[in-house]
file final_4.cif (mmCIF, C-alpha atoms and all ligand atoms)
data_data
loop_
_atom_site.label_atom_id
_atom_site.label_comp_id
_atom_site.auth_asym_id
_atom_site.auth_seq_id
_atom_site.Cartn_x
_atom_site.Cartn_y
_atom_site.Cartn_z
CA MET K 485 0.00 0.00 0.00
CA GLU K 486 1.18 3.52 -0.81
CA PHE K 487 1.50 5.81 2.22
CA LEU K 488 1.40 9.57 1.77
CA VAL K 489 3.92 11.02 4.24
CA THR K 490 3.48 14.51 5.67
CA ARG K 491 6.34 15.38 7.99
CA SER K 492 5.55 17.34 11.11
CA THR K 493 6.91 20.90 11.17
CA LYS K 494 6.62 20.93 14.95
CA THR K 495 8.64 17.85 15.95
CA LYS K 496 9.93 17.91 19.50
CA ALA K 497 13.48 19.21 19.87
CA ALA K 498 16.09 16.52 20.46
CA GLN K 499 16.69 17.80 23.95
CA GLU K 500 13.01 17.65 24.91
CA ARG K 501 12.69 14.18 23.42
CA GLU K 502 15.72 12.93 25.32
CA LEU K 503 14.22 14.29 28.52
CA ILE K 504 11.01 12.31 27.89
CA LEU K 505 12.98 9.17 27.00
CA GLU K 506 14.88 9.39 30.27
CA ASN K 507 11.73 8.70 32.24
CA PRO K 508 8.87 7.91 29.85
CA GLY K 509 6.53 6.10 32.23
CA PHE K 510 3.75 4.39 30.27
CA GLY K 511 1.38 5.91 27.71
CA ARG K 512 2.02 9.50 28.72
CA SER K 513 3.94 10.96 25.76
CA PHE K 514 3.49 10.32 22.08
CA THR K 515 5.83 10.50 19.12
CA ASP K 516 5.73 13.25 16.47
CA HIS K 517 3.67 11.30 13.94
CA MET K 518 0.77 8.88 13.57
CA VAL K 519 -0.70 6.67 10.85
CA ILE K 520 -4.25 6.70 9.50
CA ILE K 521 -5.89 4.44 6.92
CA GLU K 522 -9.51 4.88 5.94
CA PHE K 523 -12.06 2.23 5.03
CA ASP K 524 -15.40 2.44 3.32
CA GLN K 525 -17.54 -0.14 1.55
CA ALA K 526 -16.92 1.29 -1.93
CA GLN K 527 -13.15 1.80 -1.81
CA GLY K 528 -12.02 -0.71 0.82
CA TRP K 529 -8.84 0.39 2.61
CA HIS K 530 -7.54 3.65 1.12
CA ASN K 531 -5.92 6.99 1.90
CA ALA K 532 -3.03 5.58 3.95
CA GLN K 533 -1.07 8.41 5.51
CA VAL K 534 1.68 9.23 7.94
CA LEU K 535 0.72 12.55 9.54
CA PRO K 536 1.85 14.83 12.34
CA TYR K 537 0.44 13.48 15.62
CA GLY K 538 -2.64 15.44 16.54
CA GLU K 539 -6.32 15.71 17.29
CA ILE K 540 -8.98 14.20 15.06
CA LYS K 541 -12.43 15.58 14.45
CA LEU K 542 -15.47 13.39 15.07
CA ASP K 543 -19.15 13.92 14.34
CA PRO K 544 -21.19 13.55 17.57
CA ALA K 545 -23.23 10.83 15.86
CA ASN K 546 -20.11 8.81 15.03
CA MET K 547 -21.25 5.20 15.50
CA ALA K 548 -18.21 4.16 17.55
CA LEU K 549 -19.21 6.65 20.25
CA HIS K 550 -22.63 5.05 20.55
CA TYR K 551 -22.26 1.34 19.86
CA GLY K 552 -18.60 0.77 20.62
CA GLN K 553 -17.11 -0.80 17.51
CA GLN K 554 -13.47 -0.39 18.57
CA ILE K 555 -10.54 -2.81 18.63
CA PHE K 556 -6.86 -2.35 19.40
CA GLU K 557 -3.48 -4.02 19.68
CA GLY K 558 -0.37 -3.44 21.76
CA LEU K 559 3.22 -4.32 20.88
CA LYS K 560 6.70 -2.98 21.45
CA ALA K 561 9.61 -1.93 19.25
CA TYR K 562 13.03 -2.46 20.82
CA ARG K 563 16.34 -0.99 19.72
CA HIS K 564 18.89 -3.81 19.59
CA GLN K 565 22.59 -3.50 20.41
CA ASP K 566 23.49 -3.13 16.71
CA GLY K 567 21.12 -0.17 16.40
CA SER K 568 18.41 -1.95 14.42
CA ILE K 569 14.79 -1.57 15.52
CA ASN K 570 12.79 -4.75 15.94
CA ALA K 571 9.34 -5.91 16.97
CA PHE K 572 8.42 -9.16 18.68
CA ARG K 573 6.06 -11.33 16.56
CA PRO K 574 4.11 -8.40 15.01
CA GLN K 575 2.42 -10.73 12.54
CA GLN K 576 0.71 -12.35 15.53
CA ASN K 577 -0.70 -8.96 16.52
CA ALA K 578 -1.86 -8.42 12.93
CA ALA K 579 -3.61 -11.80 12.91
CA ARG K 580 -5.25 -11.20 16.29
CA PHE K 581 -6.34 -7.72 15.19
CA ASN K 582 -8.24 -9.36 12.35
CA ARG K 583 -9.81 -11.95 14.62
CA SER K 584 -10.97 -9.08 16.85
CA ALA K 585 -12.27 -7.22 13.78
CA LYS K 586 -14.26 -10.24 12.69
CA ARG K 587 -15.88 -10.63 16.12
CA LEU K 588 -16.96 -6.99 16.16
CA ALA K 589 -18.25 -7.14 12.57
CA MET K 590 -15.50 -4.79 11.38
CA PRO K 591 -13.42 -5.08 8.18
CA GLU K 592 -10.12 -6.96 8.29
CA LEU K 593 -6.90 -5.12 7.49
CA PRO K 594 -4.42 -7.16 5.40
CA GLU K 595 -1.68 -8.39 7.77
CA GLU K 596 1.07 -6.94 5.59
CA VAL K 597 -0.56 -3.49 5.70
CA PHE K 598 -0.72 -3.68 9.52
CA VAL K 599 3.01 -4.43 9.66
CA GLN K 600 3.81 -1.87 6.92
CA ALA K 601 2.01 0.83 8.91
CA ILE K 602 4.37 0.14 11.83
CA LYS K 603 7.40 0.33 9.55
CA GLU K 604 6.22 3.61 8.03
CA LEU K 605 5.78 5.18 11.46
CA ILE K 606 9.19 3.94 12.64
CA LYS K 607 10.76 5.48 9.52
CA VAL K 608 9.80 8.99 10.64
CA ASP K 609 9.89 8.47 14.41
CA SER K 610 12.89 6.12 14.81
CA GLU K 611 14.57 8.49 17.24
CA TRP K 612 11.75 7.83 19.68
CA VAL K 613 12.87 4.23 20.14
CA PRO K 614 14.95 4.35 23.34
CA LEU K 615 18.54 3.06 23.41
CA ASP K 616 18.21 1.82 26.95
CA LYS K 617 17.41 -1.90 26.96
CA GLU K 618 14.59 -2.04 29.52
CA LYS K 619 12.85 0.72 27.57
CA SER K 620 10.91 0.41 24.33
CA LEU K 621 8.52 2.21 22.01
CA TYR K 622 5.01 0.95 22.70
CA LEU K 623 2.92 0.74 19.52
CA ARG K 624 -0.83 1.10 19.66
CA PRO K 625 -2.72 0.19 16.47
CA PHE K 626 -6.49 0.61 16.72
CA MET K 627 -9.61 0.80 14.59
CA PHE K 628 -13.04 2.28 15.14
CA ALA K 629 -16.26 2.99 13.27
CA THR K 630 -16.56 6.44 11.68
CA GLU K 631 -19.93 6.26 9.97
CA VAL K 632 -22.38 8.89 11.17
CA GLY K 633 -25.82 7.71 12.29
CA LEU K 634 -27.69 6.08 15.13
CA GLY K 635 -29.05 3.00 13.38
CA VAL K 636 -27.86 -0.17 15.09
CA ARG K 637 -25.86 -2.26 12.60
CA PRO K 638 -22.21 -2.70 11.64
CA ALA K 639 -20.86 0.63 10.36
CA ASN K 640 -19.71 0.90 6.76
CA LYS K 641 -16.89 3.37 7.43
CA TYR K 642 -13.86 2.87 9.67
CA LEU K 643 -10.55 4.44 10.56
CA PHE K 644 -7.39 2.48 11.34
CA MET K 645 -4.83 4.44 13.34
CA LEU K 646 -1.42 3.80 14.80
CA ILE K 647 0.17 5.89 17.54
CA ALA K 648 3.36 5.24 19.48
CA SER K 649 4.47 6.04 23.01
CA PRO K 650 7.87 5.51 24.64
CA ALA K 651 7.67 3.10 27.57
CA GLY K 652 10.00 2.89 30.54
CA ALA K 653 11.13 -0.09 32.56
CA TYR K 654 7.92 -1.52 33.98
CA PHE K 655 9.61 -2.22 37.31
CA PRO K 656 12.18 0.55 37.74
CA LYS K 657 12.86 -0.65 41.29
CA GLY K 658 13.07 -4.33 40.39
CA LEU K 659 10.48 -7.10 40.19
CA LYS K 660 7.97 -6.85 43.01
CA PRO K 661 5.09 -9.34 43.34
CA VAL K 662 1.57 -7.95 42.90
CA SER K 663 -1.45 -8.70 45.06
CA VAL K 664 -4.67 -9.81 43.38
CA TRP K 665 -8.37 -9.69 44.19
CA LEU K 666 -10.52 -12.61 43.03
CA SER K 667 -13.57 -10.99 41.45
CA GLU K 668 -16.63 -13.04 42.32
CA GLU K 669 -19.17 -10.27 41.77
CA TYR K 670 -18.13 -9.11 38.29
CA VAL K 671 -16.95 -11.05 35.25
CA ARG K 672 -14.80 -9.84 32.35
CA ALA K 673 -16.18 -12.08 29.65
CA ALA K 674 -18.35 -15.10 28.96
CA VAL K 675 -17.95 -17.79 26.33
CA GLY K 676 -19.71 -16.50 23.21
CA GLY K 677 -19.04 -12.88 24.19
CA THR K 678 -16.08 -10.71 23.21
CA GLY K 679 -13.49 -12.03 25.68
CA GLU K 680 -11.24 -13.32 22.90
CA ALA K 681 -11.29 -9.99 21.09
CA LYS K 682 -9.06 -7.09 22.06
CA CYS K 683 -11.78 -4.46 22.20
CA ALA K 684 -12.33 -1.34 24.29
CA GLY K 685 -15.63 -2.69 25.63
CA ASN K 686 -13.90 -5.50 27.53
CA TYR K 687 -11.82 -2.92 29.34
CA ALA K 688 -14.81 -0.69 30.06
CA ALA K 689 -16.56 -3.67 31.65
CA SER K 690 -13.49 -4.47 33.76
CA LEU K 691 -12.87 -1.09 35.38
CA ILE K 692 -15.39 -1.46 38.20
CA ALA K 693 -13.77 -4.71 39.33
CA GLN K 694 -10.32 -3.15 39.12
CA ALA K 695 -11.60 -0.32 41.33
CA GLN K 696 -13.00 -2.90 43.74
CA ALA K 697 -9.63 -4.65 43.84
CA ALA K 698 -7.99 -1.34 44.71
CA THR K 699 -10.51 -0.81 47.53
CA GLN K 700 -9.45 -4.20 48.89
CA GLY K 701 -5.84 -3.06 48.84
CA CYS K 702 -4.97 -5.18 45.80
CA ASP K 703 -2.96 -4.18 42.72
CA GLN K 704 -4.91 -6.24 40.20
CA VAL K 705 -8.11 -8.17 39.65
CA VAL K 706 -8.22 -11.88 38.79
CA TRP K 707 -11.11 -12.96 36.58
CA LEU K 708 -13.03 -16.17 37.09
CA ASP K 709 -15.24 -17.93 34.57
CA ALA K 710 -18.67 -16.34 34.12
CA GLN K 711 -20.70 -19.51 34.68
CA GLU K 712 -19.40 -21.05 37.90
CA ARG K 713 -17.12 -18.26 39.21
CA ARG K 714 -14.73 -21.05 39.99
CA TRP K 715 -12.14 -21.41 37.23
CA ILE K 716 -9.20 -19.03 36.97
CA GLU K 717 -9.07 -17.08 33.70
CA GLU K 718 -6.84 -13.98 33.65
CA MET K 719 -5.34 -11.17 35.71
CA GLY K 720 -6.42 -7.70 34.56
CA GLY K 721 -5.05 -7.41 31.03
CA MET K 722 -2.59 -10.28 31.41
CA ASN K 723 -2.62 -14.07 31.21
CA LEU K 724 -1.61 -16.29 34.14
CA TYR K 725 0.86 -19.12 34.71
CA PHE K 726 1.14 -21.50 37.67
CA VAL K 727 4.45 -23.21 38.46
CA TYR K 728 4.00 -26.71 39.93
CA LYS K 729 6.61 -28.84 41.58
CA THR K 730 6.64 -32.33 40.02
CA PRO K 731 8.66 -35.47 40.89
CA ASN K 732 10.97 -34.71 37.92
CA GLY K 733 11.17 -30.94 38.12
CA HIS K 734 8.57 -28.31 37.37
CA LYS K 735 5.44 -27.99 35.30
CA LEU K 736 3.92 -24.74 34.07
CA LEU K 737 0.15 -24.61 33.80
CA THR K 738 -1.77 -21.83 32.08
CA PRO K 739 -5.58 -21.64 31.82
CA LYS K 740 -6.66 -23.02 28.46
CA LEU K 741 -8.32 -20.76 25.91
CA THR K 742 -11.99 -21.48 26.46
CA GLY K 743 -13.33 -18.62 24.36
CA SER K 744 -13.57 -16.07 27.16
CA LEU K 745 -9.81 -15.57 27.59
CA LEU K 746 -7.70 -13.21 25.52
CA PRO K 747 -5.09 -15.30 23.66
CA GLY K 748 -1.93 -13.44 24.67
CA ILE K 749 1.12 -13.51 22.44
CA THR K 750 3.33 -13.46 25.53
CA ARG K 751 1.35 -16.45 26.88
CA ASP K 752 1.87 -18.30 23.62
CA SER K 753 5.59 -17.46 23.52
CA ILE K 754 6.09 -18.71 27.09
CA LEU K 755 4.50 -22.06 26.17
CA THR K 756 7.35 -22.49 23.66
CA LEU K 757 10.11 -20.85 25.67
CA ALA K 758 9.37 -22.87 28.82
CA LYS K 759 9.57 -26.08 26.80
CA ASP K 760 12.91 -24.91 25.35
CA LEU K 761 14.14 -24.39 28.91
CA GLY K 762 13.18 -27.94 29.84
CA PHE K 763 9.92 -27.35 31.68
CA GLU K 764 6.80 -29.38 31.18
CA VAL K 765 3.90 -27.15 30.03
CA GLU K 766 0.16 -27.66 30.13
CA GLU K 767 -2.89 -25.70 29.05
CA GLY K 768 -5.54 -26.74 31.53
CA ARG K 769 -8.04 -25.74 34.16
CA LEU K 770 -7.42 -24.52 37.69
CA SER K 771 -10.07 -23.73 40.30
CA VAL K 772 -9.79 -21.13 43.05
CA GLU K 773 -9.87 -24.00 45.56
CA ASP K 774 -6.96 -25.79 43.86
CA TRP K 775 -4.93 -22.58 43.70
CA ARG K 776 -5.31 -22.11 47.46
CA LYS K 777 -4.66 -25.77 48.30
CA GLY K 778 -1.69 -25.90 45.92
CA CYS K 779 -0.07 -22.96 47.66
CA GLU K 780 -0.80 -24.39 51.10
CA SER K 781 0.67 -27.79 50.26
CA GLY K 782 3.65 -26.28 48.46
CA GLU K 783 2.73 -27.98 45.19
CA ILE K 784 2.26 -24.59 43.52
CA GLU K 785 5.57 -22.84 44.03
CA GLU K 786 5.14 -19.70 41.92
CA VAL K 787 2.47 -17.80 40.01
CA PHE K 788 3.05 -15.09 37.44
CA ALA K 789 1.12 -12.98 34.95
CA CYS K 790 2.33 -12.17 31.44
CA GLY K 791 1.60 -9.63 28.72
CA THR K 792 3.31 -7.19 26.39
CA ALA K 793 3.41 -4.21 28.75
CA ALA K 794 5.03 -5.81 31.83
CA VAL K 795 6.37 -9.00 30.11
CA ILE K 796 6.23 -11.15 33.30
CA THR K 797 4.96 -10.07 36.73
CA PRO K 798 5.05 -12.29 39.83
CA VAL K 799 1.86 -12.73 41.87
CA GLY K 800 2.55 -12.76 45.61
CA GLU K 801 -0.78 -12.51 47.37
CA VAL K 802 -4.37 -13.55 46.69
CA LYS K 803 -7.42 -12.06 48.40
CA SER K 804 -11.13 -12.83 48.05
CA ALA K 805 -14.35 -12.25 49.95
CA SER K 806 -13.72 -15.56 51.76
CA GLY K 807 -10.11 -14.97 52.76
CA GLY K 808 -6.67 -14.98 51.24
CA TRP K 809 -3.27 -16.61 51.01
CA LEU K 810 0.30 -15.95 49.97
CA VAL K 811 2.13 -17.32 46.96
CA ASN K 812 5.82 -18.16 47.44
CA LYS K 813 5.92 -16.08 50.66
CA ASN K 814 5.15 -13.01 48.54
CA GLU K 815 8.55 -13.22 46.88
CA THR K 816 9.61 -13.41 43.23
CA GLY K 817 10.33 -17.05 42.43
CA SER K 818 13.44 -18.21 40.59
CA ILE K 819 11.51 -19.73 37.66
CA THR K 820 9.48 -16.54 37.20
CA ALA K 821 12.71 -14.52 37.20
CA LYS K 822 14.44 -16.94 34.82
CA LEU K 823 11.61 -16.92 32.28
CA ARG K 824 11.39 -13.14 32.44
CA GLU K 825 15.11 -12.74 31.89
CA ASN K 826 15.12 -15.19 28.98
CA LEU K 827 12.10 -13.70 27.23
CA LEU K 828 13.30 -10.12 27.67
CA ALA K 829 16.76 -11.07 26.36
CA ILE K 830 15.14 -12.41 23.18
CA GLN K 831 12.91 -9.35 22.78
CA THR K 832 15.77 -6.89 23.26
CA GLY K 833 18.08 -8.85 20.96
CA ASP K 834 20.53 -9.81 23.69
CA ALA K 835 19.91 -13.51 23.22
CA PRO K 836 19.41 -15.33 19.92
CA THR K 837 16.27 -17.34 19.26
CA ARG K 838 15.74 -20.15 16.79
CA HIS K 839 12.10 -19.18 16.51
CA GLU K 840 11.07 -16.56 13.98
CA TRP K 841 10.07 -14.11 16.67
CA ILE K 842 12.15 -11.04 15.84
CA TYR K 843 10.94 -8.86 12.99
CA GLU K 844 13.18 -6.05 11.76
CA LEU K 845 11.31 -2.76 11.42
CA ALA K 846 14.36 -0.62 10.57
CA PRO K 847 17.94 -1.63 9.74
CA LYS K 848 20.90 -0.72 11.91
CA ASN K 849 22.20 2.26 9.95
CA ARG K 850 19.13 4.44 10.17
C1 LIG K 901 -3.64 -7.80 25.52
C2 LIG K 901 -4.16 -8.68 26.62
C3 LIG K 901 -3.40 -9.75 27.15
C4 LIG K 901 -1.96 -10.01 26.81
O1 LIG K 901 -1.70 -10.22 25.47
P1 LIG K 901 -0.22 -10.04 24.90
O2 LIG K 901 -0.37 -10.33 23.47
O3 LIG K 901 0.63 -11.03 25.61
O4 LIG K 901 0.19 -8.64 25.19
C5 LIG K 901 -4.01 -10.56 28.10
N1 LIG K 901 -5.27 -10.35 28.52
C6 LIG K 901 -6.01 -9.31 28.05
C7 LIG K 901 -7.39 -9.13 28.56
C8 LIG K 901 -5.48 -8.45 27.09
O5 LIG K 901 -6.23 -7.44 26.64
#

call {"tool": "encode", "arguments": {"input": "final_4.cif", "output": "structure tokens"}}
result
Amino acid sequence: MEFLVTRSTKTKAAQERELILENPGFGRSFTDHMVIIEFDQAQGWHNAQVLPYGEIKLDPANMALHYGQQIFEGLKAYRHQDGSINAFRPQQNAARFNRSAKRLAMPELPEEVFVQAIKELIKVDSEWVPLDKEKSLYLRPFMFATEVGLGVRPANKYLFMLIASPAGAYFPKGLKPVSVWLSEEYVRAAVGGTGEAKCAGNYAASLIAQAQAATQGCDQVVWLDAQERRWIEEMGGMNLYFVYKTPNGHKLLTPKLTGSLLPGITRDSILTLAKDLGFEVEEGRLSVEDWRKGCESGEIEEVFACGTAAVITPVGEVKSASGGWLVNKNETGSITAKLRENLLAIQTGDAPTRHEWIYELAPKNR
């Protein structure tokens, strides 16, 4: 696809940019440019552009504002030692974006256009990719309806956009286990709903439970299945792993994808990576009761959550309306730390991988 590039005349000065990159936090600052691609029934995807980052105008009757057709993705670009800029499995994000689109009755964007959009943005904003290895440039592709009208049906006009935001080390003071609240009152998703899709609505529905978790003094909410409120699904916007002691070593169990869980790319990568490191892996089912008993008996040694933003986060404490318990004495376990180190080393280019996980967005001499 041909992208029309309009360079910003108001790019941030190098000094200001460097100041932001020193301590970017998460999702606070944005790069100088953004990508848009329009869709309508007659022309399909058209008018692909790289533009100065800025506000967009919306009609108050824009269908996305009323009926919520919105999907998004999240991935990171890392600058490797040799200076090249690389993404981790971006084709997986492109494929998932289209699965989300399908579920929300939105048009699919060809996977190569999704990846090309990222490359085009990196071309003009490459200096926003931090040098520092725990830092990255977080990429946020998203799509929403733009047709004007209040009739309830799939819109026939959409906008794809891509923005980027420098991201700091998720744990600037080192890995610290999080505490979680088991949400028995609210559910994130039910089988047949939109749990598998990465859409804004799932997040909107989750905020009240996250607020409840905070009231209980917890960092995050853990979602249970909608039907029985018994089976562990996810933690906030991350997938979960349970580390079991076995007679021959350790086994990693992650809740299987039942249709209400979001299929994380980090989750999928850990299934492979853990096997490479000699661990047994299983996609299965775990009840709240078995989590508690497993921690009490010592069979479950560690628990961690995983996702693009934080990579791997240990879980140290569980609370629910009927009581709570600690995981691994509220400390970061050695297997959690090892997996995190190994995965991050692959993502930042410090360790080679035989899997085709690293995708070059810009060569080293840019
Ligand atoms: C995005 C997301 C994840 C993690 O997916 P990754 O591809 O690993 O970043 C997990 N759960 C939810 C609900 C999500 O939205």

call {"tool": "residues_around", "arguments": {"input": "final_4.cif", "residues": "Val632 of chain K", "least_positions_apart": "4", "cutoff": "12 Å", "atoms": "all atoms listed in the file", "output": "list in words"}}
result
Leu542, Asp543, Pro544, Ala545, Asn546, Met547, Ala548, Leu549, His550, Tyr551, Val636, Arg637, Pro638, Ala639, Asn640, Lys641 and Tyr642 of chain K

call {"tool": "residues_near_ligand", "arguments": {"input": "final_4.cif", "ligand": "ligand LIG 901 (chain K)", "cutoff": "6 Å", "atoms": "all atoms listed in the file", "output": "ChimeraX atom specification"}}
result
/K:682,721-723,746,748-751,791-792

call {"tool": "residues_around", "arguments": {"input": "final_4.cif", "residues": "segment 656-669 of chain K", "least_positions_apart": "2", "cutoff": "9 Å", "atoms": "only C-alpha atoms", "output": "VMD selection string"}}
result
chain K and resid 618 652 to 654 671 693 to 694 696 to 698 700 to 708 713 to 714 716 719 772 788 797 to 805 808 810 814 to 816 821

call {"tool": "atom_distance", "arguments": {"input": "final_4.cif", "atom1": "atom CA of Arg624 of chain K", "atom2": "atom CA of Val534 of chain K"}}
result
14.5 Å

call {"tool": "residues_near_point", "arguments": {"input": "final_4.cif", "point": "(-5.8, -9.6, 7.3)", "cutoff": "9 Å", "atoms": "all atoms listed in the file", "output": "list in words"}}
result
Ala578, Ala579, Phe581, Asn582, Arg583, Pro591, Glu592, Leu593, Pro594, Glu595, Glu596, Val597 and Phe598 of chain K

call {"tool": "write_last_selection", "arguments": {"input": "final_4.cif", "atoms": "C-alpha atoms", "output": "tab-separated table (two decimals), in the frame of the given file"}}
result
chain	number	residue	atom	x	y	z
K	578	ALA	CA	-1.86	-8.42	12.93
K	579	ALA	CA	-3.61	-11.80	12.91
K	581	PHE	CA	-6.34	-7.72	15.19
K	582	ASN	CA	-8.24	-9.36	12.35
K	583	ARG	CA	-9.81	-11.95	14.62
K	591	PRO	CA	-13.42	-5.08	8.18
K	592	GLU	CA	-10.12	-6.96	8.29
K	593	LEU	CA	-6.90	-5.12	7.49
K	594	PRO	CA	-4.42	-7.16	5.40
K	595	GLU	CA	-1.68	-8.39	7.77
K	596	GLU	CA	1.07	-6.94	5.59
K	597	VAL	CA	-0.56	-3.49	5.70
K	598	PHE	CA	-0.72	-3.68	9.52

call {"tool": "atom_distance", "arguments": {"input": "final_4.cif", "atom1": "atom CA of Ile569 of chain K", "atom2": "atom CA of Pro508 of chain K"}}
result
18.2 Å

call {"tool": "closest_residue", "arguments": {"input": "final_4.cif", "among": "K:Asn570, K:Thr495, K:Gln600, K:Thr630", "to": "Ile830 of chain K", "atoms": "all atoms listed in the file"}}
result
K:Asn570

call {"tool": "build_atoms", "arguments": {"input": "final_4.cif", "residues": "segment 738-756 of chain K", "atoms": "N, CA and C atoms", "output": "mmCIF file, in the frame of the given file"}}
result
data_model
loop_
_atom_site.group_PDB
_atom_site.id
_atom_site.type_symbol
_atom_site.label_atom_id
_atom_site.label_comp_id
_atom_site.auth_asym_id
_atom_site.auth_seq_id
_atom_site.Cartn_x
_atom_site.Cartn_y
_atom_site.Cartn_z
ATOM 1 N N THR K 738 -1.068 -23.081 32.379
ATOM 2 C CA THR K 738 -1.770 -21.830 32.080
ATOM 3 C C THR K 738 -3.208 -22.168 31.723
ATOM 4 N N PRO K 739 -4.182 -21.348 32.166
ATOM 5 C CA PRO K 739 -5.580 -21.640 31.820
ATOM 6 C C PRO K 739 -5.749 -21.765 30.300
ATOM 7 N N LYS K 740 -6.460 -22.808 29.898
ATOM 8 C CA LYS K 740 -6.660 -23.020 28.460
ATOM 9 C C LYS K 740 -7.611 -21.977 27.885
ATOM 10 N N LEU K 741 -7.520 -21.789 26.581
ATOM 11 C CA LEU K 741 -8.320 -20.760 25.910
ATOM 12 C C LEU K 741 -9.723 -21.310 25.651
ATOM 13 N N THR K 742 -10.640 -20.916 26.518
ATOM 14 C CA THR K 742 -11.990 -21.480 26.460
ATOM 15 C C THR K 742 -12.913 -20.693 25.541
ATOM 16 N N GLY K 743 -12.463 -19.505 25.133
ATOM 17 C CA GLY K 743 -13.330 -18.620 24.360
ATOM 18 C C GLY K 743 -13.595 -17.319 25.080
ATOM 19 N N SER K 744 -13.373 -17.318 26.402
ATOM 20 C CA SER K 744 -13.570 -16.070 27.160
ATOM 21 C C SER K 744 -12.234 -15.436 27.537
ATOM 22 N N LEU K 745 -11.125 -16.140 27.277
ATOM 23 C CA LEU K 745 -9.810 -15.570 27.590
ATOM 24 C C LEU K 745 -9.239 -14.893 26.349
ATOM 25 N N LEU K 746 -8.403 -13.878 26.608
ATOM 26 C CA LEU K 746 -7.700 -13.210 25.520
ATOM 27 C C LEU K 746 -6.439 -14.034 25.209
ATOM 28 N N PRO K 747 -6.287 -14.493 23.982
ATOM 29 C CA PRO K 747 -5.090 -15.300 23.660
ATOM 30 C C PRO K 747 -3.846 -14.431 23.544
ATOM 31 N N GLY K 748 -3.112 -14.294 24.628
ATOM 32 C CA GLY K 748 -1.930 -13.440 24.670
ATOM 33 C C GLY K 748 -0.787 -14.010 23.847
ATOM 34 N N ILE K 749 -0.049 -13.106 23.221
ATOM 35 C CA ILE K 749 1.120 -13.510 22.440
ATOM 36 C C ILE K 749 2.276 -13.825 23.387
ATOM 37 N N THR K 750 2.327 -13.147 24.514
ATOM 38 C CA THR K 750 3.330 -13.460 25.530
ATOM 39 C C THR K 750 3.034 -14.858 26.099
ATOM 40 N N ARG K 751 1.770 -15.126 26.392
ATOM 41 C CA ARG K 751 1.350 -16.450 26.880
ATOM 42 C C ARG K 751 1.799 -17.546 25.926
ATOM 43 N N ASP K 752 1.525 -17.316 24.638
ATOM 44 C CA ASP K 752 1.870 -18.300 23.620
ATOM 45 C C ASP K 752 3.394 -18.484 23.527
ATOM 46 N N SER K 753 4.134 -17.388 23.626
ATOM 47 C CA SER K 753 5.590 -17.460 23.520
ATOM 48 C C SER K 753 6.178 -18.217 24.713
ATOM 49 N N ILE K 754 5.585 -18.025 25.887
ATOM 50 C CA ILE K 754 6.090 -18.710 27.090
ATOM 51 C C ILE K 754 5.837 -20.216 27.004
ATOM 52 N N LEU K 755 4.737 -20.616 26.367
ATOM 53 C CA LEU K 755 4.500 -22.060 26.170
ATOM 54 C C LEU K 755 5.693 -22.687 25.456
ATOM 55 N N THR K 756 6.205 -21.995 24.441
ATOM 56 C CA THR K 756 7.350 -22.490 23.660
ATOM 57 C C THR K 756 8.656 -22.335 24.430
#
